[in-house]
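Structure file input.txt (compact mmCIF, C-alpha atoms and all ligand atoms) is printed below.
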# COMPACT_ATOMS: atom_id res chain seq x y z
CA MET Z 1 0.34 -98.16 -42.70
CA SER Z 2 1.60 -100.11 -39.69
CA ASP Z 3 1.08 -99.08 -36.09
CA LEU Z 4 3.71 -97.02 -34.31
CA LEU Z 5 3.90 -99.67 -31.62
CA SER Z 6 2.31 -103.07 -31.48
CA LEU Z 7 2.34 -105.79 -28.85
CA SER Z 8 0.66 -108.95 -30.01
CA HIS Z 9 0.07 -111.75 -27.49
CA VAL Z 10 3.15 -110.75 -25.56
CA SER Z 11 4.10 -112.74 -22.46
CA LYS Z 12 7.09 -112.59 -20.15
CA VAL Z 13 7.93 -115.43 -17.84
CA TYR Z 14 10.73 -115.10 -15.30
CA ARG Z 15 12.41 -118.18 -13.95
CA GLN Z 16 13.04 -117.93 -10.25
CA GLY Z 17 15.92 -119.51 -8.41
CA GLY Z 18 18.41 -120.02 -11.26
CA MET Z 19 18.53 -121.79 -14.59
CA LEU Z 20 17.57 -125.20 -13.29
CA SER Z 21 14.66 -124.08 -11.20
CA ARG Z 22 11.16 -124.87 -12.36
CA ARG Z 23 9.62 -122.05 -10.41
CA GLN Z 24 8.27 -119.43 -12.74
CA ILE Z 25 6.63 -116.05 -12.50
CA VAL Z 26 4.36 -115.02 -15.32
CA ALA Z 27 4.98 -111.27 -15.14
CA VAL Z 28 3.03 -110.49 -18.33
CA ASN Z 29 0.47 -112.83 -19.82
CA ASP Z 30 -0.81 -112.57 -23.38
CA VAL Z 31 -0.94 -108.79 -23.62
CA SER Z 32 -1.92 -107.16 -26.88
CA LEU Z 33 -2.00 -103.42 -27.36
CA SER Z 34 -1.05 -100.88 -29.96
CA LEU Z 35 -0.40 -97.21 -30.54
CA GLY Z 36 -1.42 -95.73 -33.84
CA ASP Z 37 -0.05 -92.84 -35.82
CA GLU Z 38 -1.86 -90.11 -33.92
CA PRO Z 39 -0.08 -88.73 -30.85
CA GLU Z 40 -1.67 -90.31 -27.82
CA ILE Z 41 -1.20 -90.73 -24.08
CA LEU Z 42 -1.82 -94.30 -23.03
CA SER Z 43 -1.81 -95.02 -19.31
CA ILE Z 44 -1.05 -98.44 -17.96
CA VAL Z 45 -2.43 -98.72 -14.44
CA GLY Z 46 -2.37 -101.51 -11.91
CA GLU Z 47 -1.23 -102.46 -8.46
CA SER Z 48 2.37 -103.31 -7.63
CA GLY Z 49 3.51 -106.49 -9.35
CA SER Z 50 0.87 -106.36 -12.09
CA GLY Z 51 3.52 -106.35 -14.81
CA LYS Z 52 3.61 -102.68 -15.77
CA SER Z 53 7.39 -102.20 -15.52
CA THR Z 54 7.98 -105.44 -17.37
CA ILE Z 55 5.88 -104.12 -20.25
CA ALA Z 56 7.88 -100.87 -20.19
CA ALA Z 57 11.17 -102.79 -20.25
CA MET Z 58 10.02 -104.87 -23.23
CA ILE Z 59 8.84 -101.80 -25.15
CA LEU Z 60 12.23 -100.18 -24.53
CA GLY Z 61 14.00 -103.30 -25.78
CA GLN Z 62 15.64 -103.85 -22.38
CA THR Z 63 14.22 -107.32 -22.01
CA ALA Z 64 12.80 -109.66 -24.62
CA PRO Z 65 9.32 -111.18 -24.46
CA THR Z 66 9.19 -114.91 -23.76
CA SER Z 67 6.56 -115.18 -26.48
CA GLY Z 68 4.55 -112.93 -28.74
CA ASP Z 69 5.48 -110.13 -31.11
CA LEU Z 70 6.57 -106.63 -30.22
CA THR Z 71 7.19 -104.19 -33.04
CA PHE Z 72 7.94 -100.49 -33.44
CA ARG Z 73 7.09 -99.07 -36.87
CA GLY Z 74 6.62 -102.65 -37.99
CA ASN Z 75 10.14 -103.76 -37.00
CA PRO Z 76 10.88 -106.11 -34.12
CA VAL Z 77 12.08 -104.33 -30.98
CA ALA Z 78 14.67 -107.06 -30.39
CA ILE Z 79 17.79 -105.05 -31.13
CA HIS Z 80 21.32 -106.33 -31.39
CA GLY Z 81 23.63 -103.89 -33.14
CA ARG Z 82 24.84 -100.65 -31.58
CA SER Z 83 23.79 -98.41 -34.43
CA GLU Z 84 20.33 -100.02 -34.66
CA ARG Z 85 19.96 -99.53 -30.91
CA ARG Z 86 20.84 -95.87 -31.24
CA ALA Z 87 18.41 -95.42 -34.14
CA PHE Z 88 15.68 -97.01 -32.03
CA MET Z 89 16.50 -94.83 -29.04
CA ARG Z 90 16.26 -91.72 -31.14
CA GLU Z 91 12.59 -92.54 -31.43
CA VAL Z 92 11.77 -94.24 -28.14
CA GLN Z 93 13.03 -92.69 -24.93
CA PRO Z 94 12.52 -93.67 -21.29
CA VAL Z 95 11.66 -91.41 -18.38
CA LEU Z 96 12.64 -93.12 -15.17
CA GLN Z 97 10.88 -93.21 -11.86
CA ASN Z 98 13.48 -91.68 -9.63
CA PRO Z 99 15.37 -88.67 -10.98
CA PHE Z 100 17.85 -88.94 -8.09
CA GLU Z 101 18.84 -92.37 -9.42
CA ALA Z 102 18.86 -91.25 -13.04
CA PHE Z 103 21.52 -88.63 -12.26
CA ASN Z 104 24.83 -89.39 -10.59
CA PRO Z 105 25.02 -87.11 -7.52
CA LEU Z 106 28.64 -86.23 -8.34
CA LYS Z 107 27.98 -85.18 -11.90
CA ARG Z 108 26.53 -81.85 -12.97
CA VAL Z 109 23.16 -82.28 -14.63
CA ASP Z 110 24.09 -80.22 -17.70
CA ARG Z 111 26.71 -82.88 -18.54
CA TYR Z 112 23.90 -85.38 -19.08
CA LEU Z 113 22.12 -83.00 -21.38
CA PHE Z 114 25.27 -82.26 -23.36
CA GLU Z 115 26.23 -85.94 -23.68
CA THR Z 116 22.77 -86.80 -24.93
CA ALA Z 117 22.93 -83.89 -27.39
CA ARG Z 118 26.30 -85.13 -28.69
CA ASN Z 119 25.09 -88.73 -28.96
CA PHE Z 120 21.86 -87.86 -30.70
CA ALA Z 121 22.80 -84.94 -32.92
CA PRO Z 122 21.26 -85.23 -36.39
CA THR Z 123 23.03 -87.91 -38.41
CA GLY Z 124 26.22 -86.69 -40.04
CA VAL Z 125 26.45 -83.58 -37.82
CA LYS Z 126 29.32 -83.18 -35.38
CA PRO Z 127 27.90 -80.60 -33.04
CA ASP Z 128 30.13 -77.97 -31.51
CA ARG Z 129 29.72 -76.58 -28.00
CA ALA Z 130 27.20 -73.95 -29.12
CA ASP Z 131 25.08 -76.59 -30.95
CA VAL Z 132 25.06 -78.83 -27.91
CA GLU Z 133 24.03 -75.99 -25.62
CA ARG Z 134 21.31 -74.93 -28.02
CA MET Z 135 19.91 -78.48 -28.22
CA ALA Z 136 19.86 -78.69 -24.41
CA ASP Z 137 18.29 -75.26 -24.05
CA GLU Z 138 15.59 -76.04 -26.61
CA ALA Z 139 14.69 -79.29 -24.86
CA LEU Z 140 14.57 -77.53 -21.49
CA ALA Z 141 12.32 -74.82 -22.92
CA HIS Z 142 9.69 -77.48 -23.65
CA ILE Z 143 9.45 -78.27 -19.97
CA GLY Z 144 9.60 -74.71 -18.70
CA LEU Z 145 13.28 -74.47 -17.71
CA THR Z 146 16.30 -72.80 -19.25
CA LEU Z 147 19.88 -73.96 -19.52
CA ALA Z 148 20.91 -70.98 -17.37
CA GLU Z 149 18.78 -72.41 -14.53
CA VAL Z 150 20.42 -75.83 -14.50
CA LYS Z 151 23.90 -75.11 -15.84
CA GLY Z 152 26.68 -76.07 -13.46
CA ARG Z 153 24.26 -77.51 -10.89
CA PHE Z 154 24.57 -80.86 -9.18
CA PRO Z 155 21.40 -82.98 -8.78
CA HIS Z 156 21.00 -82.06 -5.11
CA GLU Z 157 21.03 -78.39 -6.05
CA LEU Z 158 17.76 -78.81 -7.93
CA SER Z 159 14.36 -79.63 -6.46
CA GLY Z 160 12.88 -83.08 -7.14
CA GLY Z 161 10.42 -81.48 -9.54
CA GLN Z 162 13.15 -79.56 -11.40
CA LEU Z 163 15.27 -82.67 -11.61
CA GLN Z 164 12.46 -84.78 -12.99
CA ARG Z 165 11.67 -82.06 -15.52
CA THR Z 166 15.35 -82.02 -16.49
CA ALA Z 167 15.20 -85.80 -16.94
CA ILE Z 168 12.22 -85.33 -19.23
CA ALA Z 169 14.13 -82.63 -21.14
CA ARG Z 170 17.00 -85.03 -21.61
CA ALA Z 171 14.61 -87.59 -23.06
CA LEU Z 172 13.37 -84.94 -25.51
CA ILE Z 173 16.81 -84.09 -26.93
CA PRO Z 174 16.82 -86.95 -29.48
CA GLN Z 175 13.40 -85.67 -30.64
CA PRO Z 176 11.71 -89.00 -29.97
CA ARG Z 177 8.30 -90.05 -31.18
CA LEU Z 178 7.46 -92.09 -28.07
CA LEU Z 179 8.23 -91.59 -24.37
CA VAL Z 180 7.90 -94.52 -21.99
CA ALA Z 181 7.46 -93.02 -18.54
CA ASP Z 182 7.46 -95.59 -15.75
CA GLU Z 183 6.02 -94.06 -12.57
CA PRO Z 184 7.55 -90.70 -13.50
CA VAL Z 185 5.95 -88.74 -10.67
CA SER Z 186 5.84 -91.23 -7.83
CA MET Z 187 9.01 -89.82 -6.27
CA VAL Z 188 7.99 -86.23 -6.81
CA ASP Z 189 6.23 -84.16 -4.17
CA ALA Z 190 2.47 -84.67 -4.44
CA SER Z 191 1.86 -80.96 -4.98
CA LEU Z 192 4.01 -81.00 -8.14
CA ARG Z 193 2.74 -84.20 -9.68
CA MET Z 194 -0.10 -82.71 -11.63
CA ALA Z 195 2.14 -79.98 -13.06
CA ILE Z 196 4.58 -82.60 -14.39
CA VAL Z 197 1.84 -84.82 -15.73
CA ASN Z 198 0.32 -81.76 -17.39
CA LEU Z 199 3.59 -81.33 -19.24
CA PHE Z 200 2.92 -84.64 -20.96
CA GLY Z 201 -0.29 -83.25 -22.41
CA GLN Z 202 1.59 -80.20 -23.58
CA LEU Z 203 4.37 -82.29 -25.17
CA LYS Z 204 1.83 -84.42 -26.98
CA LYS Z 205 0.26 -81.29 -28.40
CA ASP Z 206 3.41 -79.30 -29.15
CA LEU Z 207 5.74 -82.05 -30.32
CA GLY Z 208 3.35 -84.74 -31.57
CA LEU Z 209 4.71 -87.17 -29.00
CA SER Z 210 2.99 -90.31 -27.87
CA ILE Z 211 3.49 -91.24 -24.24
CA ILE Z 212 3.06 -94.47 -22.38
CA TYR Z 213 2.39 -93.39 -18.83
CA ILE Z 214 2.81 -96.15 -16.28
CA THR Z 215 1.37 -95.41 -12.89
CA HIS Z 216 -0.42 -96.51 -9.75
CA ASP Z 217 -2.09 -93.16 -9.73
CA LEU Z 218 -5.56 -93.32 -11.21
CA ALA Z 219 -6.22 -89.64 -10.60
CA THR Z 220 -3.40 -88.36 -12.84
CA ALA Z 221 -4.08 -91.14 -15.36
CA TYR Z 222 -7.73 -90.10 -15.56
CA TYR Z 223 -6.78 -86.50 -16.03
CA ILE Z 224 -4.11 -86.88 -18.69
CA SER Z 225 -4.69 -90.02 -20.74
CA ASP Z 226 -6.55 -90.61 -23.93
CA ARG Z 227 -6.71 -94.33 -23.30
CA ILE Z 228 -6.17 -96.47 -20.28
CA ILE Z 229 -5.26 -100.07 -19.71
CA ILE Z 230 -5.88 -101.67 -16.34
CA MET Z 231 -3.65 -104.59 -15.46
CA LYS Z 232 -3.89 -107.24 -12.81
CA LYS Z 233 -1.45 -110.11 -12.34
CA GLY Z 234 0.14 -109.66 -15.75
CA GLU Z 235 -3.12 -109.45 -17.68
CA ILE Z 236 -5.18 -106.64 -19.11
CA VAL Z 237 -8.51 -106.71 -17.30
CA GLU Z 238 -10.01 -103.63 -18.86
CA GLN Z 239 -9.13 -101.03 -21.49
CA GLY Z 240 -10.67 -98.18 -23.41
CA GLY Z 241 -11.04 -94.42 -23.42
CA ALA Z 242 -9.78 -93.06 -20.08
CA ARG Z 243 -13.03 -91.39 -19.17
CA ALA Z 244 -15.18 -94.28 -20.27
CA VAL Z 245 -13.13 -96.77 -18.26
CA LEU Z 246 -12.80 -94.70 -15.11
CA ASP Z 247 -16.25 -93.10 -15.10
CA ASN Z 248 -17.85 -96.48 -15.47
CA PRO Z 249 -15.40 -99.30 -14.71
CA GLN Z 250 -16.74 -102.71 -15.64
CA HIS Z 251 -14.26 -105.09 -14.08
CA PRO Z 252 -14.49 -105.58 -10.29
CA TYR Z 253 -10.74 -104.93 -10.02
CA SER Z 254 -11.05 -101.59 -11.84
CA ARG Z 255 -13.93 -100.66 -9.54
CA ALA Z 256 -11.86 -101.60 -6.50
CA LEU Z 257 -8.92 -99.49 -7.75
CA LYS Z 258 -11.19 -96.52 -8.24
CA GLU Z 259 -12.80 -96.94 -4.83
CA ALA Z 260 -9.35 -97.16 -3.23
CA VAL Z 261 -8.42 -93.80 -4.80
CA LEU Z 262 -11.62 -92.17 -3.65
CA SER Z 263 -11.20 -93.40 -0.11
CA THR Z 264 -7.50 -92.52 0.27
CA THR Z 265 -7.31 -89.17 -1.50
CA PRO Z 266 -9.19 -86.68 0.67
CA GLU Z 267 -8.54 -83.74 -1.65
CA MET Z 268 -9.94 -85.72 -4.60
CA GLU Z 269 -13.64 -85.06 -4.85
CA PRO Z 270 -15.56 -88.03 -6.26
CA ALA Z 271 -16.72 -85.73 -9.06
CA ALA Z 272 -13.11 -85.41 -10.22
CA LEU Z 273 -13.09 -89.10 -10.96
CA GLY Z 274 -16.55 -89.20 -12.45
N1 LIG P 1 13.95 -109.63 -13.25
C1 LIG P 1 12.97 -110.30 -12.65
N2 LIG P 1 13.15 -111.56 -12.22
C2 LIG P 1 12.16 -112.25 -11.62
N3 LIG P 1 10.91 -111.77 -11.42
C3 LIG P 1 10.67 -110.51 -11.82
C4 LIG P 1 11.66 -109.70 -12.46
N4 LIG P 1 11.12 -108.50 -12.75
C5 LIG P 1 9.84 -108.54 -12.33
N5 LIG P 1 9.56 -109.74 -11.77
C6 LIG P 1 8.27 -110.17 -11.23
O1 LIG P 1 7.30 -109.98 -12.26
C7 LIG P 1 6.09 -109.49 -11.69
C8 LIG P 1 5.72 -108.17 -12.36
O2 LIG P 1 6.67 -107.19 -11.96
P1 LIG P 1 6.66 -105.70 -12.52
O3 LIG P 1 7.81 -104.99 -11.91
O4 LIG P 1 6.57 -105.72 -14.00
O5 LIG P 1 5.27 -105.14 -11.93
P2 LIG P 1 4.81 -103.64 -11.72
O6 LIG P 1 3.34 -103.62 -12.00
O7 LIG P 1 5.64 -102.72 -12.54
O8 LIG P 1 5.10 -103.40 -10.19
P3 LIG P 1 5.56 -102.05 -9.46
O9 LIG P 1 4.39 -101.11 -9.60
O10 LIG P 1 5.80 -102.49 -8.06
O11 LIG P 1 6.79 -101.56 -10.15
C9 LIG P 1 6.30 -109.38 -10.20
O12 LIG P 1 5.81 -110.55 -9.60
C10 LIG P 1 7.80 -109.28 -10.07
O13 LIG P 1 8.23 -109.80 -8.82
Starting from the coordinates I provided, produce the structure as structure tokens.
Amino acid sequence: MSDLLSLSHVSKVYRQGGMLSRRQIVAVNDVSLSLGDEPEILSIVGESGSGKSTIAAMILGQTAPTSGDLTFRGNPVAIHGRSERRAFMREVQPVLQNPFEAFNPLKRVDRYLFETARNFAPTGVKPDRADVERMADEALAHIGLTLAEVKGRFPHELSGGQLQRTAIARALIPQPRLLVADEPVSMVDASLRMAIVNLFGQLKKDLGLSIIYITHDLATAYYISDRIIIMKKGEIVEQGGARAVLDNPQHPYSRALKEAVLSTTPEMEPAALG
């Protein structure tokens, strides 16, 4: 049986300064990783510019690798046709960093939920209004909201935490197998971050979802992930079980990241990070 997701020697090189320029940025360099059949939360951690978002974009099929192989259920993630793209997105959904950018301020949030429900209704089903509302309500229930709470509201009428949870609910409507969450809590109030990250653990358990959790935040990554990958300058410098890696980091960069968290997070007792 093939992996759910596999990246094999994947690199991404951006050319800077136009087509004729020779200046290049190696955003991702020879990265290999995979997700198996078991639901799993894999965190990808690293400082700004280490290539995390580029990996997310490649996994989502938004940008192609310069070299290497990237497959989902054994099929290349390079997608051309509209219907293939939709079939892929049924299974692999993004959660974006900033919910205020994900939602147009002039559009009621329930419209997004209903559109997604219409677009991703089971094949061959033309959902009516009641079906669409039920799909939205069921997705919201997974993240602790109800349709009644968000119906008719504009984005600014919800808190940042509610809006990000609504964005996660939207991603759940197609009943995906994999969520790719790129810095999903960095724009959310610090006091709510853990609650949202905890939802990921719950979704893994309840829905059998796998989640790629991309973050700067070692503390939440430690708490929630099964496995962790630490990246620096486009390369994986360390990977393994989250506790093993963060309790006893081997690479100097991983140690420095951990020390930076311990010195800048007063409420985080060292014991909480091992
Ligand atoms: N479209 C692009 N064109 C040119 N260079 C890019 C592009 N996207 C990313 N880069 C460069 O690739 C490198 C990796 O960027 P990337 O956004 O993947 O890192 P990151 O770890 O996600 O950073 P952050 O945490 O700040 O989002 C950076 O040097 C960035 O400037």
Can you pull out every residue with an atom within 7 Å of ligand LIG 1 (chain P)? Use all atoms listed in the file and format it as JSON, numbers by chain. {"Z": [14, 15, 16, 25, 26, 27, 28, 46, 47, 48, 49, 50, 51, 52, 53, 54, 55, 216, 234]}
Give me the residues near Gly161 of chain Z as a PyMOL selection string, where near means some atom within 12 Å (using only C-alpha atoms) and where sequence neighbours in that chain fewer than 5 positions away do not count. chain Z and resi 97-100+143-145+155-156+166-168+184-197+199
Pairwise distance, atom CA of Leu209 of chain Z with atom CA of Phe72 of chain Z, equals 14.4 Å
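One finds atom CA of Leu5 of chain Z at 6.2 Å from atom CA of Arg73 of chain Z.
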Which of these residues is nearest to Tyr213 of chain Z, using only C-alpha atoms: Z:Ile44, Z:Met58, Z:Ile236, Z:Ala148? Z:Ile44
Provide the atom CA of Gly36 of chain Z to atom CA of Gln175 of chain Z distance in Å, to one decimal place. 18.2 Å
Just the residues within 12 Å of Thr63 of chain Z, please, counting all atoms listed in the file, with nothing from its chain fewer than 4 positions along; format it as a PyMOL selection string. chain Z and resi 11-14+53-59+67+70+77-80
Anything within 6 Å of (12.6, -92.4, -21.9): list those residues as a ChimeraX atom specification, counting only C-alpha atoms and sticking to the file's coordinates. /Z:93-95,171,179-180
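Comparing the minimum interatomic distances between Ala221 of chain Z and each of Z:Leu106, Z:Ala260, Z:Ile41, Z:Leu140, counting only C-alpha atoms, we find that Z:Ile41 sits nearest.
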Please complete segment 147-177 of chain Z so it has N, CA and C atoms, and hand it over as a PDB file, keeping the file's coordinate frame.
ATOM      1  N   LEU Z 147      18.558 -73.419 -19.816  1.00  0.00           N
ATOM      2  CA  LEU Z 147      19.880 -73.960 -19.520  1.00  0.00           C
ATOM      3  C   LEU Z 147      20.538 -73.142 -18.408  1.00  0.00           C
ATOM      4  N   ALA Z 148      20.299 -71.838 -18.410  1.00  0.00           N
ATOM      5  CA  ALA Z 148      20.910 -70.980 -17.370  1.00  0.00           C
ATOM      6  C   ALA Z 148      20.488 -71.456 -15.973  1.00  0.00           C
ATOM      7  N   GLU Z 149      19.260 -71.974 -15.849  1.00  0.00           N
ATOM      8  CA  GLU Z 149      18.780 -72.410 -14.530  1.00  0.00           C
ATOM      9  C   GLU Z 149      19.440 -73.691 -14.038  1.00  0.00           C
ATOM     10  N   VAL Z 150      19.862 -74.545 -14.938  1.00  0.00           N
ATOM     11  CA  VAL Z 150      20.420 -75.830 -14.500  1.00  0.00           C
ATOM     12  C   VAL Z 150      21.944 -75.923 -14.707  1.00  0.00           C
ATOM     13  N   LYS Z 151      22.487 -75.010 -15.470  1.00  0.00           N
ATOM     14  CA  LYS Z 151      23.900 -75.110 -15.840  1.00  0.00           C
ATOM     15  C   LYS Z 151      24.798 -75.088 -14.594  1.00  0.00           C
ATOM     16  N   GLY Z 152      25.707 -76.035 -14.553  1.00  0.00           N
ATOM     17  CA  GLY Z 152      26.680 -76.070 -13.460  1.00  0.00           C
ATOM     18  C   GLY Z 152      26.130 -76.652 -12.166  1.00  0.00           C
ATOM     19  N   ARG Z 153      24.852 -77.030 -12.143  1.00  0.00           N
ATOM     20  CA  ARG Z 153      24.260 -77.510 -10.890  1.00  0.00           C
ATOM     21  C   ARG Z 153      24.412 -79.018 -10.744  1.00  0.00           C
ATOM     22  N   PHE Z 154      24.612 -79.436  -9.502  1.00  0.00           N
ATOM     23  CA  PHE Z 154      24.570 -80.860  -9.180  1.00  0.00           C
ATOM     24  C   PHE Z 154      23.123 -81.257  -8.881  1.00  0.00           C
ATOM     25  N   PRO Z 155      22.806 -82.575  -8.989  1.00  0.00           N
ATOM     26  CA  PRO Z 155      21.400 -82.980  -8.780  1.00  0.00           C
ATOM     27  C   PRO Z 155      20.800 -82.464  -7.472  1.00  0.00           C
ATOM     28  N   HIS Z 156      21.596 -82.476  -6.381  1.00  0.00           N
ATOM     29  CA  HIS Z 156      21.000 -82.060  -5.110  1.00  0.00           C
ATOM     30  C   HIS Z 156      20.746 -80.556  -5.047  1.00  0.00           C
ATOM     31  N   GLU Z 157      21.265 -79.844  -6.039  1.00  0.00           N
ATOM     32  CA  GLU Z 157      21.030 -78.390  -6.050  1.00  0.00           C
ATOM     33  C   GLU Z 157      19.744 -78.023  -6.808  1.00  0.00           C
ATOM     34  N   LEU Z 158      19.061 -79.057  -7.291  1.00  0.00           N
ATOM     35  CA  LEU Z 158      17.760 -78.810  -7.930  1.00  0.00           C
ATOM     36  C   LEU Z 158      16.684 -79.478  -7.080  1.00  0.00           C
ATOM     37  N   SER Z 159      15.463 -78.979  -7.171  1.00  0.00           N
ATOM     38  CA  SER Z 159      14.360 -79.630  -6.460  1.00  0.00           C
ATOM     39  C   SER Z 159      14.018 -80.934  -7.192  1.00  0.00           C
ATOM     40  N   GLY Z 160      13.296 -81.821  -6.501  1.00  0.00           N
ATOM     41  CA  GLY Z 160      12.880 -83.080  -7.140  1.00  0.00           C
ATOM     42  C   GLY Z 160      12.091 -82.813  -8.417  1.00  0.00           C
ATOM     43  N   GLY Z 161      11.236 -81.809  -8.361  1.00  0.00           N
ATOM     44  CA  GLY Z 161      10.420 -81.480  -9.540  1.00  0.00           C
ATOM     45  C   GLY Z 161      11.292 -80.962 -10.685  1.00  0.00           C
ATOM     46  N   GLN Z 162      12.251 -80.084 -10.345  1.00  0.00           N
ATOM     47  CA  GLN Z 162      13.150 -79.560 -11.400  1.00  0.00           C
ATOM     48  C   GLN Z 162      13.985 -80.685 -12.002  1.00  0.00           C
ATOM     49  N   LEU Z 163      14.421 -81.582 -11.124  1.00  0.00           N
ATOM     50  CA  LEU Z 163      15.270 -82.670 -11.610  1.00  0.00           C
ATOM     51  C   LEU Z 163      14.484 -83.614 -12.521  1.00  0.00           C
ATOM     52  N   GLN Z 164      13.243 -83.896 -12.129  1.00  0.00           N
ATOM     53  CA  GLN Z 164      12.460 -84.780 -12.990  1.00  0.00           C
ATOM     54  C   GLN Z 164      12.151 -84.082 -14.309  1.00  0.00           C
ATOM     55  N   ARG Z 165      11.911 -82.777 -14.263  1.00  0.00           N
ATOM     56  CA  ARG Z 165      11.670 -82.060 -15.520  1.00  0.00           C
ATOM     57  C   ARG Z 165      12.935 -82.053 -16.384  1.00  0.00           C
ATOM     58  N   THR Z 166      14.094 -81.959 -15.729  1.00  0.00           N
ATOM     59  CA  THR Z 166      15.350 -82.020 -16.490  1.00  0.00           C
ATOM     60  C   THR Z 166      15.528 -83.403 -17.123  1.00  0.00           C
ATOM     61  N   ALA Z 167      15.118 -84.435 -16.382  1.00  0.00           N
ATOM     62  CA  ALA Z 167      15.200 -85.800 -16.940  1.00  0.00           C
ATOM     63  C   ALA Z 167      14.282 -85.923 -18.155  1.00  0.00           C
ATOM     64  N   ILE Z 168      13.133 -85.297 -18.073  1.00  0.00           N
ATOM     65  CA  ILE Z 168      12.220 -85.330 -19.230  1.00  0.00           C
ATOM     66  C   ILE Z 168      12.841 -84.555 -20.395  1.00  0.00           C
ATOM     67  N   ALA Z 169      13.471 -83.411 -20.080  1.00  0.00           N
ATOM     68  CA  ALA Z 169      14.130 -82.630 -21.140  1.00  0.00           C
ATOM     69  C   ALA Z 169      15.208 -83.462 -21.822  1.00  0.00           C
ATOM     70  N   ARG Z 170      15.954 -84.192 -21.011  1.00  0.00           N
ATOM     71  CA  ARG Z 170      17.000 -85.030 -21.610  1.00  0.00           C
ATOM     72  C   ARG Z 170      16.384 -86.031 -22.590  1.00  0.00           C
ATOM     73  N   ALA Z 171      15.264 -86.609 -22.181  1.00  0.00           N
ATOM     74  CA  ALA Z 171      14.610 -87.590 -23.060  1.00  0.00           C
ATOM     75  C   ALA Z 171      14.113 -86.935 -24.351  1.00  0.00           C
ATOM     76  N   LEU Z 172      13.889 -85.624 -24.310  1.00  0.00           N
ATOM     77  CA  LEU Z 172      13.370 -84.940 -25.510  1.00  0.00           C
ATOM     78  C   LEU Z 172      14.473 -84.588 -26.513  1.00  0.00           C
ATOM     79  N   ILE Z 173      15.722 -84.555 -26.055  1.00  0.00           N
ATOM     80  CA  ILE Z 173      16.810 -84.090 -26.930  1.00  0.00           C
ATOM     81  C   ILE Z 173      16.905 -84.896 -28.235  1.00  0.00           C
ATOM     82  N   PRO Z 174      16.765 -86.224 -28.205  1.00  0.00           N
ATOM     83  CA  PRO Z 174      16.820 -86.950 -29.480  1.00  0.00           C
ATOM     84  C   PRO Z 174      15.600 -86.724 -30.377  1.00  0.00           C
ATOM     85  N   GLN Z 175      14.656 -85.900 -29.926  1.00  0.00           N
ATOM     86  CA  GLN Z 175      13.400 -85.670 -30.640  1.00  0.00           C
ATOM     87  C   GLN Z 175      12.654 -86.975 -30.897  1.00  0.00           C
ATOM     88  N   PRO Z 176      12.339 -87.691 -29.819  1.00  0.00           N
ATOM     89  CA  PRO Z 176      11.710 -89.000 -29.970  1.00  0.00           C
ATOM     90  C   PRO Z 176      10.260 -88.885 -30.420  1.00  0.00           C
ATOM     91  N   ARG Z 177       9.725 -89.992 -30.831  1.00  0.00           N
ATOM     92  CA  ARG Z 177       8.300 -90.050 -31.180  1.00  0.00           C
ATOM     93  C   ARG Z 177       7.476 -90.625 -30.032  1.00  0.00           C
TER      94      ARG Z 177
END
